[in-house]
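Have a look at data_16.tsv below; it lists TSV, C-alpha atoms and all ligand atoms.
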chain	number	residue	atom	x	y	z
Q	208	MET	CA	-46.84	2.34	-19.26
Q	209	LEU	CA	-45.78	-0.62	-17.21
Q	210	ILE	CA	-45.89	-2.84	-20.28
Q	211	LEU	CA	-43.74	-0.43	-22.23
Q	212	LYS	CA	-41.23	-0.45	-19.41
Q	213	ASP	CA	-41.21	-4.26	-19.45
Q	214	ILE	CA	-40.45	-4.33	-23.15
Q	215	PHE	CA	-37.78	-1.73	-22.64
Q	216	ASN	CA	-36.16	-3.85	-19.94
Q	217	LYS	CA	-36.33	-6.96	-22.08
Q	218	ILE	CA	-34.50	-5.58	-25.07
Q	219	SER	CA	-32.08	-3.22	-23.36
Q	220	LYS	CA	-28.56	-4.55	-23.29
Q	221	ASP	CA	-27.98	-4.85	-19.56
Q	222	ILE	CA	-24.40	-5.05	-18.44
Q	223	GLY	CA	-22.56	-6.63	-15.50
Q	224	ILE	CA	-19.12	-5.28	-14.60
Q	225	ASP	CA	-16.38	-6.64	-12.36
Q	226	LEU	CA	-14.36	-3.53	-11.65
Q	227	GLY	CA	-11.30	-5.34	-10.34
Q	228	THR	CA	-8.00	-3.78	-9.31
Q	229	ALA	CA	-6.17	-6.11	-11.71
Q	230	ASN	CA	-8.79	-6.99	-14.34
Q	231	THR	CA	-12.06	-5.52	-15.55
Q	232	LEU	CA	-14.63	-7.92	-16.97
Q	233	VAL	CA	-17.90	-7.08	-18.67
Q	234	TYR	CA	-20.91	-9.36	-19.08
Q	235	VAL	CA	-23.76	-8.58	-21.45
Q	236	ARG	CA	-27.16	-10.10	-20.81
Q	237	GLY	CA	-27.86	-12.81	-23.36
Q	238	ARG	CA	-24.28	-12.84	-24.63
Q	239	GLY	CA	-22.00	-13.67	-21.72
Q	240	ILE	CA	-18.54	-12.26	-20.97
Q	241	VAL	CA	-17.50	-9.93	-23.78
Q	242	ILE	CA	-14.60	-8.02	-22.20
Q	243	ASN	CA	-11.78	-9.33	-20.01
Q	244	GLU	CA	-8.89	-6.88	-19.87
Q	245	PRO	CA	-6.34	-5.54	-17.38
Q	246	SER	CA	-7.55	-2.45	-15.45
Q	247	ILE	CA	-4.81	-0.29	-16.90
Q	248	ILE	CA	-4.90	3.04	-18.71
Q	249	ALA	CA	-2.17	4.88	-20.61
Q	250	LEU	CA	-2.50	8.67	-20.79
Q	251	ASN	CA	-0.61	11.42	-22.53
Q	252	LYS	CA	0.17	13.89	-19.75
Q	253	LYS	CA	0.65	16.77	-22.19
Q	254	ASN	CA	-2.93	16.81	-23.49
Q	255	GLY	CA	-4.72	14.40	-21.16
Q	256	GLN	CA	-5.66	12.10	-24.03
Q	257	ILE	CA	-6.11	8.34	-23.71
Q	258	LEU	CA	-3.42	6.40	-25.54
Q	259	ALA	CA	-4.53	2.91	-24.67
Q	260	ILE	CA	-6.74	0.97	-22.27
Q	261	GLY	CA	-6.58	-2.63	-21.13
Q	262	ARG	CA	-4.27	-5.12	-22.82
Q	263	GLU	CA	-2.71	-2.49	-25.10
Q	264	ALA	CA	-1.91	-0.28	-22.11
Q	265	ARG	CA	-0.39	-3.19	-20.26
Q	266	LYS	CA	2.18	-3.68	-22.99
Q	267	MET	CA	3.46	-0.16	-22.24
Q	268	VAL	CA	4.15	-0.77	-18.53
Q	269	GLY	CA	7.74	0.14	-17.70
Q	270	LYS	CA	8.49	1.25	-21.27
Q	271	THR	CA	7.13	4.79	-21.45
Q	272	PRO	CA	8.80	8.16	-22.04
Q	273	SER	CA	8.21	10.78	-19.34
Q	274	HIS	CA	5.12	12.40	-20.87
Q	275	ILE	CA	3.17	9.12	-20.86
Q	276	THR	CA	1.75	7.62	-17.68
Q	277	VAL	CA	0.54	4.07	-17.48
Q	278	SER	CA	-1.47	3.48	-14.35
Q	279	ARG	CA	-4.01	1.33	-12.62
Q	280	PRO	CA	-6.91	3.60	-11.64
Q	281	LEU	CA	-7.90	1.23	-8.85
Q	282	VAL	CA	-5.34	0.60	-6.15
Q	283	ASP	CA	-5.94	-1.61	-3.12
Q	284	GLY	CA	-9.56	-1.99	-4.19
Q	285	VAL	CA	-10.13	1.74	-4.02
Q	286	VAL	CA	-10.84	4.18	-6.83
Q	287	SER	CA	-7.58	6.09	-6.49
Q	288	ASP	CA	-7.93	8.02	-9.73
Q	289	PHE	CA	-11.54	8.95	-10.32
Q	290	GLU	CA	-11.07	10.46	-13.77
Q	291	ALA	CA	-9.03	7.55	-15.05
Q	292	THR	CA	-11.61	5.08	-13.70
Q	293	GLU	CA	-14.36	7.04	-15.42
Q	294	MET	CA	-12.48	7.01	-18.72
Q	295	MET	CA	-11.85	3.29	-18.45
Q	296	LEU	CA	-15.46	2.45	-17.57
Q	297	LYS	CA	-16.82	4.70	-20.32
Q	298	TYR	CA	-14.52	3.07	-22.84
Q	299	PHE	CA	-15.61	-0.46	-21.90
Q	300	ILE	CA	-19.32	0.39	-21.70
Q	301	ASN	CA	-19.24	2.17	-25.05
Q	302	LYS	CA	-17.31	-0.70	-26.63
Q	303	VAL	CA	-20.13	-3.03	-25.60
Q	304	ARG	CA	-22.91	-0.65	-26.68
Q	305	GLU	CA	-21.46	0.24	-30.06
Q	306	ASP	CA	-22.09	-3.00	-31.87
Q	307	SER	CA	-25.88	-3.24	-31.84
Q	308	PHE	CA	-28.97	-1.16	-32.56
Q	309	THR	CA	-30.16	-1.70	-28.98
Q	310	SER	CA	-27.30	0.61	-28.04
Q	311	LEU	CA	-29.88	3.34	-28.42
Q	312	LEU	CA	-31.30	2.21	-25.12
Q	313	SER	CA	-29.20	2.98	-22.12
Q	314	PRO	CA	-28.47	-0.19	-20.16
Q	315	ARG	CA	-29.04	-1.18	-16.59
Q	316	VAL	CA	-25.66	-1.91	-15.05
Q	317	VAL	CA	-24.65	-4.10	-12.11
Q	318	VAL	CA	-21.16	-3.34	-10.78
Q	319	GLY	CA	-19.18	-5.55	-8.39
Q	320	ILE	CA	-17.09	-3.49	-5.95
Q	321	PRO	CA	-14.76	-4.46	-3.10
Q	322	SER	CA	-16.54	-4.62	0.26
Q	323	GLY	CA	-14.02	-2.28	1.89
Q	324	VAL	CA	-15.00	0.64	-0.36
Q	325	THR	CA	-16.37	3.70	1.49
Q	326	GLU	CA	-19.79	5.26	0.88
Q	327	VAL	CA	-18.13	8.19	-0.89
Q	328	GLU	CA	-16.28	5.82	-3.22
Q	329	LYS	CA	-19.50	3.89	-3.88
Q	330	ARG	CA	-21.20	7.14	-4.79
Q	331	ALA	CA	-18.27	7.79	-7.12
Q	332	VAL	CA	-18.69	4.43	-8.88
Q	333	ILE	CA	-22.43	5.10	-9.33
Q	334	ASP	CA	-21.75	8.58	-10.74
Q	335	VAL	CA	-19.10	7.27	-13.11
Q	336	THR	CA	-21.34	4.48	-14.34
Q	337	GLN	CA	-24.26	6.85	-14.85
Q	338	SER	CA	-22.18	9.37	-16.70
Q	339	ALA	CA	-20.91	6.49	-18.82
Q	340	GLY	CA	-24.51	6.04	-19.98
Q	341	ALA	CA	-26.22	3.68	-17.53
Q	342	ARG	CA	-29.95	4.06	-16.98
Q	343	GLU	CA	-29.96	2.32	-13.60
Q	344	VAL	CA	-26.94	1.29	-11.53
Q	345	TYR	CA	-26.80	-1.47	-8.95
Q	346	LEU	CA	-23.78	-2.20	-6.80
Q	347	VAL	CA	-22.97	-5.67	-5.53
Q	348	ASP	CA	-20.31	-6.35	-2.93
Q	349	GLU	CA	-17.66	-8.47	-4.62
Q	350	PRO	CA	-17.71	-11.42	-2.24
Q	351	MET	CA	-21.50	-11.60	-2.70
Q	352	ALA	CA	-21.10	-11.50	-6.48
Q	353	ALA	CA	-18.35	-14.14	-6.33
Q	354	ALA	CA	-20.57	-16.38	-4.19
Q	355	ILE	CA	-23.47	-15.96	-6.62
Q	356	GLY	CA	-21.04	-16.70	-9.47
Q	357	ALA	CA	-19.98	-19.85	-7.66
Q	358	ARG	CA	-23.67	-20.83	-7.59
Q	359	LEU	CA	-23.76	-20.90	-3.80
Q	360	PRO	CA	-27.30	-20.73	-2.35
Q	361	VAL	CA	-26.78	-17.21	-0.94
Q	362	GLU	CA	-30.46	-16.51	-0.28
Q	363	GLU	CA	-30.98	-19.66	1.80
Q	364	ALA	CA	-30.60	-19.99	5.56
Q	365	THR	CA	-27.25	-21.70	5.26
Q	366	GLY	CA	-23.63	-20.66	5.75
Q	367	ASN	CA	-21.64	-19.98	2.56
Q	368	MET	CA	-18.00	-18.94	2.78
Q	369	ILE	CA	-16.07	-17.30	0.00
Q	370	VAL	CA	-12.44	-16.17	-0.14
Q	371	ASP	CA	-11.82	-13.99	-3.21
Q	372	ILE	CA	-8.16	-13.07	-3.65
Q	373	GLY	CA	-7.66	-10.46	-6.36
Q	374	GLY	CA	-4.79	-8.12	-7.19
Q	375	GLY	CA	-5.34	-5.37	-4.63
Q	376	THR	CA	-7.64	-6.95	-2.05
Q	377	ALA	CA	-8.56	-10.28	-0.56
Q	378	GLU	CA	-12.22	-10.49	0.40
Q	379	ILE	CA	-13.29	-13.03	2.97
Q	380	ALA	CA	-17.01	-13.38	3.66
Q	381	VAL	CA	-19.62	-15.63	5.21
Q	382	ILE	CA	-23.05	-15.23	3.60
Q	383	SER	CA	-26.47	-16.42	4.72
Q	384	LEU	CA	-30.04	-15.33	3.88
Q	385	GLY	CA	-28.86	-12.89	1.25
Q	386	GLY	CA	-26.57	-10.94	3.53
Q	387	ILE	CA	-22.97	-10.88	4.69
Q	388	VAL	CA	-22.77	-12.24	8.23
Q	389	ALA	CA	-19.03	-11.84	8.84
Q	390	SER	CA	-16.33	-10.47	6.59
Q	391	ARG	CA	-12.91	-8.94	6.20
Q	392	SER	CA	-11.31	-7.06	3.35
Q	393	LEU	CA	-7.50	-7.22	3.33
Q	394	LYS	CA	-5.03	-5.24	1.30
Q	395	VAL	CA	-2.85	-8.33	1.09
Q	396	ALA	CA	-3.43	-10.09	-2.23
Q	397	GLY	CA	-1.79	-10.77	-5.61
Q	398	ASP	CA	0.05	-7.42	-5.93
Q	399	LYS	CA	1.54	-7.77	-2.48
Q	400	MET	CA	2.79	-11.25	-3.43
Q	401	ASN	CA	4.52	-9.80	-6.49
Q	402	GLU	CA	6.24	-7.30	-4.20
Q	403	ASP	CA	7.20	-10.16	-1.87
Q	404	VAL	CA	8.99	-11.88	-4.76
Q	405	VAL	CA	10.80	-8.67	-5.78
Q	406	ARG	CA	11.99	-8.09	-2.21
Q	407	PHE	CA	13.05	-11.68	-1.63
Q	408	VAL	CA	15.14	-11.88	-4.81
Q	409	ARG	CA	16.73	-8.50	-4.11
Q	410	ASN	CA	17.70	-9.46	-0.59
Q	411	ARG	CA	18.98	-12.94	-1.39
Q	412	TYR	CA	20.59	-12.43	-4.80
Q	413	ASN	CA	21.12	-8.67	-5.10
Q	414	LEU	CA	18.99	-8.98	-8.19
Q	415	LEU	CA	16.48	-6.33	-9.22
Q	416	LEU	CA	13.32	-7.65	-10.93
Q	417	GLY	CA	10.50	-5.80	-12.65
Q	418	GLU	CA	6.98	-6.33	-11.30
Q	419	LYS	CA	5.86	-8.18	-14.41
Q	420	THR	CA	8.76	-10.66	-14.08
Q	421	ALA	CA	7.95	-11.16	-10.41
Q	422	GLU	CA	4.33	-11.93	-11.32
Q	423	ASP	CA	5.44	-14.45	-13.97
Q	424	ILE	CA	7.60	-16.20	-11.39
Q	425	LYS	CA	4.75	-16.26	-8.86
Q	426	ILE	CA	2.33	-17.72	-11.40
Q	427	SER	CA	4.81	-20.31	-12.78
Q	428	ILE	CA	6.38	-21.70	-9.63
Q	429	GLY	CA	4.71	-19.94	-6.68
Q	430	SER	CA	3.05	-22.06	-4.01
Q	431	ALA	CA	1.70	-21.87	-0.49
Q	432	TYR	CA	2.26	-25.47	0.52
Q	433	PRO	CA	5.12	-27.93	-0.23
Q	434	MET	CA	4.43	-29.66	-3.54
Q	435	GLU	CA	5.14	-33.22	-4.64
Q	436	GLN	CA	7.09	-32.05	-7.62
Q	437	GLU	CA	9.91	-29.56	-7.21
Q	438	LEU	CA	10.05	-26.71	-9.69
Q	439	GLU	CA	12.73	-24.24	-10.69
Q	440	MET	CA	13.02	-21.34	-13.04
Q	441	VAL	CA	15.74	-19.21	-14.60
Q	442	ILE	CA	15.11	-15.58	-13.74
Q	443	ARG	CA	16.71	-12.48	-15.21
Q	444	GLY	CA	17.17	-9.06	-13.70
Q	445	ARG	CA	19.77	-6.44	-12.98
Q	446	ASP	CA	22.60	-7.06	-10.55
Q	447	LEU	CA	22.39	-4.33	-7.93
Q	448	ILE	CA	26.14	-4.23	-7.42
Q	449	SER	CA	27.52	-4.36	-10.95
Q	450	GLY	CA	24.44	-2.79	-12.54
Q	451	LEU	CA	24.62	-5.43	-15.26
Q	452	PRO	CA	22.12	-8.10	-16.33
Q	453	LYS	CA	22.33	-11.32	-14.33
Q	454	GLU	CA	20.66	-14.75	-14.36
Q	455	VAL	CA	19.81	-16.87	-11.35
Q	456	VAL	CA	18.07	-20.24	-10.99
Q	457	ILE	CA	15.39	-20.09	-8.32
Q	458	GLY	CA	13.45	-22.94	-6.73
Q	459	ASP	CA	9.80	-23.28	-5.70
Q	460	ASP	CA	10.87	-23.57	-2.05
Q	461	GLU	CA	12.40	-20.09	-2.23
Q	462	ILE	CA	9.29	-18.51	-3.73
Q	463	ARG	CA	7.21	-20.29	-1.10
Q	464	GLU	CA	9.41	-18.69	1.52
Q	465	ALA	CA	8.95	-15.30	-0.18
Q	466	LEU	CA	5.15	-15.64	-0.16
Q	467	ALA	CA	4.87	-17.21	3.28
Q	468	HIS	CA	4.18	-14.02	5.22
Q	469	SER	CA	1.34	-12.83	2.95
Q	470	VAL	CA	-0.14	-16.32	2.73
Q	471	ARG	CA	-0.09	-16.58	6.52
Q	472	ILE	CA	-1.92	-13.24	6.86
Q	473	ILE	CA	-4.66	-14.41	4.49
Q	474	ALA	CA	-5.06	-17.80	6.20
Q	475	GLY	CA	-5.04	-16.13	9.64
Q	476	ASN	CA	-7.85	-13.79	8.63
Q	477	VAL	CA	-9.89	-16.65	7.18
Q	478	LYS	CA	-9.56	-18.29	10.57
Q	479	ALA	CA	-10.58	-15.07	12.34
Q	480	VAL	CA	-13.72	-14.71	10.20
Q	481	ILE	CA	-14.68	-18.32	11.00
Q	482	GLU	CA	-14.26	-17.54	14.69
Q	483	GLU	CA	-16.69	-14.59	14.31
Q	484	THR	CA	-19.26	-16.77	12.53
Q	485	PRO	CA	-22.22	-18.23	14.49
Q	486	PRO	CA	-21.72	-21.98	15.10
Q	487	GLU	CA	-24.76	-23.13	13.07
Q	488	LEU	CA	-23.32	-21.47	9.99
Q	489	VAL	CA	-19.85	-22.90	10.67
Q	490	GLY	CA	-21.48	-26.34	10.60
Q	491	ASP	CA	-22.86	-25.63	7.12
Q	492	ILE	CA	-19.49	-24.38	5.87
Q	493	MET	CA	-17.82	-27.46	7.31
Q	494	GLN	CA	-20.02	-29.53	4.99
Q	495	LYS	CA	-19.78	-27.41	1.87
Q	496	GLY	CA	-16.22	-26.21	2.27
Q	497	ILE	CA	-14.68	-22.75	1.91
Q	498	ILE	CA	-14.73	-21.63	-1.73
Q	499	LEU	CA	-11.58	-20.01	-3.18
Q	500	ALA	CA	-12.07	-17.46	-5.98
Q	501	GLY	CA	-10.07	-14.75	-7.76
Q	502	GLY	CA	-6.71	-14.93	-9.50
Q	503	GLY	CA	-4.76	-15.06	-6.24
Q	504	GLY	CA	-6.80	-18.09	-5.18
Q	505	VAL	CA	-5.14	-20.07	-7.95
Q	506	ILE	CA	-1.75	-20.17	-6.16
Q	507	LYS	CA	-0.74	-23.79	-5.82
Q	508	GLY	CA	-1.38	-25.34	-2.43
Q	509	LEU	CA	-3.28	-22.36	-0.98
Q	510	ASP	CA	-6.32	-24.59	-0.57
Q	511	GLN	CA	-4.27	-27.12	1.41
Q	512	LEU	CA	-2.71	-24.45	3.60
Q	513	ILE	CA	-6.03	-22.81	4.50
Q	514	ALA	CA	-7.57	-26.24	5.13
Q	515	GLU	CA	-4.72	-27.11	7.48
Q	516	GLN	CA	-4.90	-23.79	9.34
Q	517	THR	CA	-8.67	-23.74	9.76
Q	518	GLY	CA	-9.56	-27.43	9.97
Q	519	MET	CA	-12.22	-26.80	7.27
Q	520	PRO	CA	-12.41	-28.29	3.79
Q	521	VAL	CA	-11.42	-25.83	1.03
Q	522	ARG	CA	-12.50	-25.97	-2.61
Q	523	LYS	CA	-11.01	-24.13	-5.56
Q	524	MET	CA	-13.87	-23.08	-7.79
Q	525	GLU	CA	-13.94	-23.53	-11.53
Q	526	ASP	CA	-12.85	-20.51	-13.52
Q	527	PRO	CA	-12.10	-18.40	-10.42
Q	528	LEU	CA	-11.09	-15.24	-12.33
Q	529	THR	CA	-14.57	-14.80	-13.79
Q	530	ALA	CA	-16.58	-15.58	-10.63
Q	531	VAL	CA	-17.50	-11.97	-9.84
Q	532	VAL	CA	-18.58	-10.99	-13.35
Q	533	ARG	CA	-20.59	-14.20	-13.77
Q	534	GLY	CA	-22.21	-13.32	-10.45
Q	535	THR	CA	-23.19	-9.86	-11.74
Q	536	GLY	CA	-24.57	-11.61	-14.83
Q	537	ILE	CA	-26.75	-13.91	-12.71
Q	538	VAL	CA	-27.99	-10.87	-10.78
Q	539	LEU	CA	-28.91	-9.18	-14.09
Q	540	GLU	CA	-30.77	-12.19	-15.42
Q	541	ASN	CA	-32.71	-12.44	-12.15
Q	542	LEU	CA	-33.04	-8.81	-11.12
Q	543	SER	CA	-36.55	-9.20	-9.72
Q	544	LYS	CA	-35.41	-12.05	-7.48
Q	545	PHE	CA	-32.32	-10.23	-6.27
Q	546	LYS	CA	-34.13	-6.93	-5.88
Q	547	GLU	CA	-35.22	-8.06	-2.44
Q	548	MET	CA	-31.56	-7.99	-1.48
Q	549	LEU	CA	-31.10	-4.49	-2.88
Q	550	THR	CA	-30.84	-1.51	-0.60
Q	551	ASP	CA	-31.28	2.08	-1.71
Q	552	LEU	CA	-28.21	4.19	-2.16
Q	553	GLY	CA	-29.31	7.48	-3.66
Q	554	ASP	CA	-30.21	6.87	-7.30
Q	555	GLY	CA	-28.32	3.61	-7.32
Q	556	LYS	CA	-29.10	0.43	-5.49
Q	557	ARG	CA	-26.84	-1.87	-3.68
Q	558	ILE	CA	-26.70	-5.51	-2.70
Q	559	ARG	CA	-24.65	-6.13	0.38
W	601	LIG	P1	-8.95	-8.30	-9.31
W	601	LIG	O1	-10.27	-8.84	-8.90
W	601	LIG	O2	-8.30	-7.45	-8.27
W	601	LIG	O3	-9.01	-7.62	-10.64
W	601	LIG	P2	-8.15	-10.95	-10.21
W	601	LIG	O4	-9.15	-11.83	-9.55
W	601	LIG	O5	-8.33	-10.71	-11.67
W	601	LIG	O6	-7.99	-9.56	-9.46
W	601	LIG	O7	-6.72	-11.60	-9.92
W	601	LIG	C1	-5.55	-10.96	-10.28
W	601	LIG	C2	-4.41	-11.49	-9.46
W	601	LIG	O8	-4.33	-12.91	-9.59
W	601	LIG	C3	-3.06	-10.94	-9.90
W	601	LIG	O9	-2.32	-10.55	-8.75
W	601	LIG	C4	-2.40	-12.14	-10.58
W	601	LIG	O10	-0.99	-12.12	-10.43
W	601	LIG	C5	-3.00	-13.30	-9.84
W	601	LIG	N1	-3.03	-14.54	-10.62
W	601	LIG	C6	-3.62	-14.75	-11.83
W	601	LIG	N2	-3.42	-16.03	-12.25
W	601	LIG	C7	-2.67	-16.63	-11.28
W	601	LIG	C8	-2.10	-17.95	-11.11
W	601	LIG	N3	-2.28	-18.89	-12.04
W	601	LIG	N4	-1.39	-18.20	-9.99
W	601	LIG	C9	-1.23	-17.24	-9.06
W	601	LIG	N5	-1.71	-16.00	-9.14
W	601	LIG	C10	-2.43	-15.68	-10.24
W	602	MG	MG	-11.91	-9.43	-8.16

Final structure tokens representation of the file:
Amino acid sequence: MLILKDIFNKISKDIGIDLGTANTLVYVRGRGIVINEPSIIALNKKNGQILAIGREARKMVGKTPSHITVSRPLVDGVVSDFEATEMMLKYFINKVREDSFTSLLSPRVVVGIPSGVTEVEKRAVIDVTQSAGAREVYLVDEPMAAAIGARLPVEEATGNMIVDIGGGTAEIAVISLGGIVASRSLKVAGDKMNEDVVRFVRNRYNLLLGEKTAEDIKISIGSAYPMEQELEMVIRGRDLISGLPKEVVIGDDEIREALAHSVRIIAGNVKAVIEETPPELVGDIMQKGIILAGGGGVIKGLDQLIAEQTGMPVRKMEDPLTAVVRGTGIVLENLSKFKEMLTDLGDGKRIR
């Protein structure tokens, strides 16, 4: 029986999922990352049917008639709309399972979830994943998955520090011996920075921007630390007084000012987590540096700012947006090794 189970495990198409507030990524064992799409779903309110998921749904943002809702089922790192999350997960899992005969076997699934998620919400993610067809479900705290994805030696007796800034949450964690030693999960991350840009431009120029435009501005010329080269950008929105379209040229210094408050909160919390970390581990982190992951970690000069505020070296990792899903992939490929770090959680298991 055991042998049969081994064969079963070998050929089943195990899946790793980064259920992010901004982006959902799916990794398939032996194949790599096969899905990388926005966590967005468009529904027809009249009949409850799915109109689009992912990139297609994103195109509809801000352009829908009243009977269509386009929403992000995960807000602030929390499953805010259980049914929509379930539909989205089912869609992605089925998309991966469709194109092979091994789809007959239900997969084992490793899901990365924000560390601030409650036990009830974790239960919800396990239920959703099981009803989407998973045979076994394992949960991994996102900062742990990101650290594994960054190839940090998480199981060793050494301090590893990861700062993963996503859309809804920023996860700050120190990891040693396979566990999280100190951590914080903030609701200040990429989305909040988009709001910062909207507010700043409204207050200074009486100009109303859409969220997508604000995000484009943040990505193009946003920074956390003064840069050598000055940047500017023409931005378009609606004049709040005349109600008509208006153009303004905005500089990188202004966007830096807009983001300053959020950036300071993140850096301040990184500092606080370091202060809660035992000194031996701080020594290790001092040598290896703090690792920046997630889309929000890409902001220009954030590494310099955190380094200045904490007195620690900071490294941007390669391909930071895929760190978590690559981490879930590494867990899948080495399940027996990581199983020691798994704790029971009902039918599912969890790495924390
Ligand atoms: P999540 O894990 O919550 O799904 P991601 O790690 O995918 O989030 O990151 C998404 C966030 O990263 C968004 O807020 C997006 O605006 C931001 N982002 C992506 N690329 C960049 C960039 N080049 N510069 C600044 N922010 C970025
Ligand atoms: Mg993430």

(request) Taking all atoms listed in the file into account, report as a list of chain:residue names which residues have an atom no farther than 6 Å from an atom of ligand MG 602 (chain W). (result) Q:Gly227, Q:Gly373, Q:Gly501

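Here CA of Asp510 (chain Q) stands at a distance of 21.4 Å from CA of Pro360 (chain Q).
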
(request) Using only C-alpha atoms, determine which residues lie at most 12 Å from Lys297 (chain Q), disregarding the query and same-chain residues fewer than 5 positions distant; provide the list as JSON, numbers by chain. (result) {"Q": [224, 233, 257, 260, 290, 291, 292, 302, 303, 304, 305, 332, 334, 335, 336, 337, 338, 339, 340, 341]}

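Residues in contact with ligand LIG 601 (chain W) comprise Q:Gly227, Q:Thr228, Q:Ala229, Q:Asn230, Q:Gly373, Q:Gly374, Q:Gly375, Q:Gly397, Q:Asp398, Q:Glu422, Q:Ile426, Q:Gly501, Q:Gly502, Q:Gly503, Q:Val505, Q:Ile506, Q:Leu528, where contact means an atom-to-atom distance of at most 6 Å counting all atoms listed in the file.
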
(request) Show which residues sit within 9 Å of Leu512 (chain Q), as a PyMOL selection string. Count all atoms listed in the file, and ignore same-chain residues fewer than 2 positions away. (result) chain Q and resi 431-432+470-471+474+508-510+514-517

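Pairwise distance (CA of Thr420 (chain Q), CA of Asp403 (chain Q)) equals 12.3 Å.
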
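Considering the residues Q:Gly536, Q:Gly239, Q:Gly356, Q:Gly385 and counting only C-alpha atoms, Ile498 (chain Q) has its shortest atom-to-atom contact with Q:Gly356.
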
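If you look at CA of Asp460 (chain Q) and CA of Arg411 (chain Q), they are 13.4 Å away from each other.
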
(message) I'd like the contact shell of Val235 (chain Q) - 8 Å cut-off, all atoms listed in the file, skipping same-chain residues fewer than 6 positions apart - returned as a list in words.
(response) Lys220, Asp221, Ile222, Gly223, Val241, Val303 and Gly536 of chain Q

(request) Go through Q:Val318, Q:Glu363, Q:Leu415, Q:Lys523 and flag the residue nearest Leu346 (chain Q), using only C-alpha atoms for the distances. (result)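 For Leu346 (chain Q), the nearest of the candidates is Q:Val318.
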
(message) Give me, as a PyMOL selection string, all polymer residues having an atom no more than 8 Å from Thr484 (chain Q), counting all atoms listed in the file and skipping those fewer than 5 positions away in the same chain.
(response) chain Q and resi 381+388-389+489

(request) Can you work out which one of Q:Gln256, Q:Ile473, Q:Gly319, Q:Ile497 has the shortest atom-to-atom distance to Ile369 (chain Q), counting all atoms listed in the file? (result) Q:Ile497

(request) Go through Q:Ile372, Q:Ala364, Q:Ile462, Q:Val324 and flag the residue nearest Glu487 (chain Q), using only C-alpha atoms for the distances. (result) Q:Ala364

(request) Name the residues in contact with Val477 (chain Q) at a cut-off of 9 Å, using all atoms listed in the file, excluding same-chain residues fewer than 5 positions from it; report them as a list in words. (result)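 Final neighbour list, sorted by chain and number: Val370, Ile379, Ala380, Ser390, Arg391, Ile472, Glu482, Ile513, Gln516 and Thr517 of chain Q.
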
Got time to write the residues from that selection, C-alpha atoms, as a PDB file, keeping the file's coordinate frame?
ATOM      1  CA  VAL Q 370     -12.440 -16.170  -0.140  1.00  0.00           C
ATOM      2  CA  ILE Q 379     -13.290 -13.030   2.970  1.00  0.00           C
ATOM      3  CA  ALA Q 380     -17.010 -13.380   3.660  1.00  0.00           C
ATOM      4  CA  SER Q 390     -16.330 -10.470   6.590  1.00  0.00           C
ATOM      5  CA  ARG Q 391     -12.910  -8.940   6.200  1.00  0.00           C
ATOM      6  CA  ILE Q 472      -1.920 -13.240   6.860  1.00  0.00           C
ATOM      7  CA  GLU Q 482     -14.260 -17.540  14.690  1.00  0.00           C
ATOM      8  CA  ILE Q 513      -6.030 -22.810   4.500  1.00  0.00           C
ATOM      9  CA  GLN Q 516      -4.900 -23.790   9.340  1.00  0.00           C
ATOM     10  CA  THR Q 517      -8.670 -23.740   9.760  1.00  0.00           C
TER      11      THR Q 517
END

(request) Can you work out which one of Q:Val361, Q:Ile387, Q:Val316, Q:Val395 has the shortest atom-to-atom distance to Val282 (chain Q), counting all atoms listed in the file? (result)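 Checking each of Q:Val361, Q:Ile387, Q:Val316, Q:Val395 against Val282 (chain Q), counting all atoms listed in the file, the winner is Q:Val395.
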
(request) Quick one: residues within 10 Å of (18.9, -13.2, -18.3) (file frame), counting all atoms listed in the file, please, as a list in words. (result) Val441, Ile442, Arg443, Gly444, Arg445, Pro452, Lys453, Glu454 and Val455 of chain Q

If you keep C-alpha atoms, can you produce a file of those selected residues as a PDB file, in the frame of the given file?
ATOM      1  CA  VAL Q 441      15.740 -19.210 -14.600  1.00  0.00           C
ATOM      2  CA  ILE Q 442      15.110 -15.580 -13.740  1.00  0.00           C
ATOM      3  CA  ARG Q 443      16.710 -12.480 -15.210  1.00  0.00           C
ATOM      4  CA  GLY Q 444      17.170  -9.060 -13.700  1.00  0.00           C
ATOM      5  CA  ARG Q 445      19.770  -6.440 -12.980  1.00  0.00           C
ATOM      6  CA  PRO Q 452      22.120  -8.100 -16.330  1.00  0.00           C
ATOM      7  CA  LYS Q 453      22.330 -11.320 -14.330  1.00  0.00           C
ATOM      8  CA  GLU Q 454      20.660 -14.750 -14.360  1.00  0.00           C
ATOM      9  CA  VAL Q 455      19.810 -16.870 -11.350  1.00  0.00           C
TER      10      VAL Q 455
END

(message) I'd like to know which of Q:Leu451, Q:Ile355, Q:Ala479, Q:Val521 is closest to Val538 (chain Q), using all atoms listed in the file.
(response)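 Ranked by minimum distance to Val538 (chain Q), first place goes to Q:Ile355.
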